[in-house]
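Peer 1: Let me give you the structure first, and then I'll get to my questions.
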Amino acid sequence: MIIRTYTSMVALLTLAIFSFLSCSDVVLPQGLSELGFYSNNETIIQTLEQKGELSYTEHFMLGLAYKEAKDYKKALYHFANSCFVERRARKLSIYPQPVYRFVSRFSVKSYLYNDAMYEIAKGFMYYQEYEYVIKFIDLMKHEKTGVFRDAQILKAEALGQLKQFDKAEKVLQKSISKYNDRDSLAWLYIKLASLYEKQDKNTDAVNSYYNLLKISTASWQSEIAAKRILQITTKNPDIALNPDEIQLIFEALYNTKNYQDIVSIDENLLQLVTESTQKLHLDMIRVKTLCHLGKSDALKTIYDAYQATDYRYDIAATIVDTLWDNDKKGQAMQWLAKLENADNPKFKQKVLYYKALYAVQRKETDPKPVDEYVAHYPDDTATQELLWLFSKNTITNTKTALYYLEKYYSTFGTNGKYADEVCFWLYNLKKEENPDEAETIAYSMVAFLPHSAYTWILLERLSPNYSVEKLSSDFSMALQTNNLTVTLFTHAMLTYRERDNKRRLQRLEMIKKYFPKSREIQYTTIPTRNEKLLLHIPGEIVTRIEHYFSMGYSEGINRELVLYINPDDNDVYVLQYIFGLKYKNYFLSAQSLVQLLKRLDMKENIFLMHDDIIQSILPKPFGQCVAQSSKKYDICEPFIYAVMKAESLFNPYAESSAGAIGLMQLMMPTAKEIATKTGVGQINKEMLKNPCISIELGTYYISWLMKNLKNDITLVSAAYNAGIGNVLKWQYDNEDKFTVMAPFAETKGYIERIKKFYYQYQLVYDLSRQ
């Protein structure tokens with residue numbers, strides 16, 4: 001008896017050791033990330049089934065592919081075979097008991113064991129094997145991860161199906177106490193509320209939905225919560241709502257654009273809100289809703305109710321802002337008249353601002369409204385907008401445009417939203433009559449606006465005017481005299497002229513030495529892929545996320561990272577940037593780096609960035625496909641990549657609200673026509689998400705536009721975005737005026753981005769040849 005007990009204890013201890021292997025013991029798979037990220041289920045199955053012995057990661061990938069293909073038995077087989085590092089079941093009956101017997105065996109568990117258990121539990125949930133769903137989930141290691149959270153939700157659902165509601169509630173309540181991120185809590189509260197509804201515990205359900213709304217009123221879960229509270233309380237009038245609950249319901253419905261639901265709310269509910277500030281807040285939401293719905297009479301009714309109070313100005317101001325944002329500018333100006341007599345300075349400013357903005361957007365040539373606003377609020381950010389817009393409207397009148405451009409530049413310099421456009425046009429208008437002043441502006445643009453498309457356009461035009469010898473001499477002198485502007489300009493221009501990355505990096509080290517505290521050069525705060533990461537996320541979780549990246553498991557990446565989104569640190573963005581770069585998720589890496597730069601308040605400057613940042617922000621994905629299409633249709637690779645980045649940021653699954661699909665964002669009718677001409681044949685929506693197909697069709701389209709628009713990249717860029725029919729109607733004096741006066745703001749920005757990315761890719765191609 002003693003020997004048997006001792007043997008059992010040893011076995012349990014050994015099992016525990018094997019069950020909790022350190023994350024440092026995991027060997028990350030190689031060469032699978034692109035298969036996972038970019039291949040469809042059929043390709044994954046075909047590729048991996050042809051192999052002999054499969055790793056546990058490959059089994060898991062096959063399980064995911066078969067699940068998506070709705071072949072659930074094969075999916076369960078492969079998930080089971082991903083549970084252990086070495087052990088495999090050559091033959092396995094796909095019934096709960098034999099699968100459970102296999103996955104609960106004594107063996108070294110794989111790093112995907114918890115993921116596999118969750119997927120197996122989901123599979124048997126489909127087959128309504130609720131008792132075994134619970135048993136499989138109970139085999140999982142307890143940890144604070146997204147997959148464990150989702151498994152607990154699934155366990156609660158299985159318990160609910162078995163009518164074990166008390167146990168289900170305890171599972172969810174325990175998870176609520178464990179997780180503190182918004183996404184998890186929203187999920188858990190909505191599941192808990194649903195569980196209460198099944199038991200007709202309506203008060204508890206309302207409280208759970210309310211707890212969800214306290215977390216967020218802008219998520220899809222909050223939309224469900226707000227609607228369910230209203231439906232439950234309508235059917236159960238004994239459940240009373242308090243003013244705070246009513247306010248959150250209104251906020252959630254408005255934030256999720258359920259405007260009709262707001263106007264349908266019973267007036268009796270509104271009567272429960274009596275405190276003046278809270279009532280005003282609700283009425284603000286109501287008037288914004290009515291603006292969206294175009295209900296003018298109802299708007300006036302609410303406004304009239306405040307006629308005897310000063311709050312009427314707040315109501316009128318809200319109506320003006322909302323109507324303006326909804327492009328109902330004429331109606332907004334009518335309501336603006338109600339603010340004319342307000343004594344409050346903020347309303348006086350609003351009146352002057354909208355009058356000036358209305359005038360410039362209508363392209364009125366009278367400067368009086370703009371001058372009046374600028375005189376009263378010379379340092380305001382709205383002043384930047386008004387000065388630039390009026391300058392743009394008068395760009396063909398050099399004297400007038402110069403006056404307002406110089407007014408902007410003298411006040412704001414290279415700061416503000418419109419500084420790059422102002423500097424560019426100042427340079428353009430001054431270069432003939434005052435070349436020295438124009439050159440000073442150009443130096444400032446290159447030094448302090450390196451992210452701007454206008455800076456890159458200027459670099460391309462100016463570079464032939466500077467010799468490498470003179471730039472090198474000026475660079476050395478600028479270092480000695482601590483002239484940061486000249487240092488940054490000459491370094492950038494030398495990089496542009498020499499196309500030599502080794503010299504770029506050598507100069508960069510010198511700049512760091514002479515200007516160690518300059519914000520413009522602090523890109524060392526962004527790590528390289530080989531650098532040890534100092535993060536707040538636990539190391540085991542980081543390893544798990546890297547494992548997901550290494551197998552191209554997007555769902556797992558998103559599920560885990562959302563737990564660690566934190567406004568106070570940048571860990572999530574760092575991981576996505578680094579692992580995306582390392583495992584060739586070009587979209588996620590580039591997108592995260594852009595967000596990281598924004599959060600760090602840093603401007604993109606590839607002249608000063610280390611190589612990993614440049615490779616992330618200007619990658620060369622799907623190289624073989626790009627090279628083939630480039631050669632076939634005689635379009636250079638940098639231009640193909642420029643369009644790809646502008647259109648989708650390298651996301652092959654991108655879909656626009658207008659219906660454009662894939663890397664090159666082609667509309668289906670256009671894609672079908674091109675596919676016929678190129679011999680690709682019949683295509684569908686899913687085929688357009690294939691990177692190589694999208695690249696070929698997009699490159700053909702670029703080639704066709706080039707032939708019909710005389711190889712003018714300004715016109716070609718505009719036509720790719722707005723259609724060749726529109727472009728042929730627009731007046732073309734020169735490329736700069738054509739761009740700035742483009743009827744569509746989106747097209748204007750698109751032309752600018754294409755040129756920037758094109759010139760950047762030309763440079764990067766030359767730098768990478770060394």
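Labels used: A, B, ... for chains in the order of the structure tokens, numbers from 1 for residues in each chain, and numbers from 1 for ligands as shown.
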Give me the residues within 12 Å of Asn428 (chain A) as number ranges by chain, counting only C-alpha atoms and dropping any in the same chain fewer than 4 places off.
Peer 2: A: 395-396, 398, 401-402, 405, 421-424, 432-435, 437-439, 441-442, 454, 457-458, 461-462, 736-737
Peer 1: Contacts between region 445-448 of chain A and region 600-689 of chain A, please, where a residue of region 600-689 of chain A counts if it comes within 12 Å (with only C-alpha atoms); show its shortest atom pair and distance in Å to one decimal, rows by chain and ascending number, as a Markdown table.
Peer 2:
```
| residue | atom | partner | partner_atom | distance |
| --- | --- | --- | --- | --- |
| A:Met602 | CA | A:Phe448 | CA | 10.9 |
| A:Lys603 | CA | A:Phe448 | CA | 8.6 |
| A:Glu604 | CA | A:Phe448 | CA | 10.3 |
| A:Asn605 | CA | A:Ala447 | CA | 9.2 |
| A:Ile606 | CA | A:Val446 | CA | 11.5 |
| A:Phe607 | CA | A:Ala447 | CA | 10.1 |
| A:Leu608 | CA | A:Ala447 | CA | 10.6 |
```
Peer 1: Using only C-alpha atoms, which of the listed residues (A:Ile232, A:Ile751, A:Ala660, A:Ala205) sits closest to Gly698 (chain A)?
Peer 2: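 Of A:Ile232, A:Ile751, A:Ala660, A:Ala205, the one nearest Gly698 (chain A), counting only C-alpha atoms, is A:Ala660.
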Peer 1: So that I can check the secondary structure, give me every residue of region 508-719 of chain A assigned helix (DSSP H, G or I) by backbone DSSP, as a ChimeraX atom specification.
Peer 2: /A:508-514,519-521,523-525,539-550,554-564,571-582,586-599,611-617,623-633,637-648,668-678,687-689,691-708,713-719
Peer 1: For CA of His59 (chain A) and CA of Glu42 (chain A), quote the distance in Å rounded to one decimal.
Peer 2: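 Separation between CA of His59 (chain A) and CA of Glu42 (chain A): 14.8 Å.
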Peer 1: So, with only C-alpha atoms as the atoms that count, which of A:Ser444, A:Asn721, A:Asn326, A:Ser208 lies closest to Val486 (chain A)?
Peer 2: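 Among A:Ser444, A:Asn721, A:Asn326, A:Ser208, it is A:Ser444 that comes nearest to Val486 (chain A).
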Peer 1: What does the distance from CA of Ser550 (chain A) to CA of Gly31 (chain A) come to in Å, to one decimal?
Peer 2: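 These two atoms are separated by 7.7 Å.
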Peer 1: Using only C-alpha atoms, which protein or nucleic acid residues come within 8 Å of Gly556 (chain A)? Drop anything in the same chain fewer than 5 positions from it, and give the result as a ChimeraX atom specification.
Peer 2: /A:147,545,548
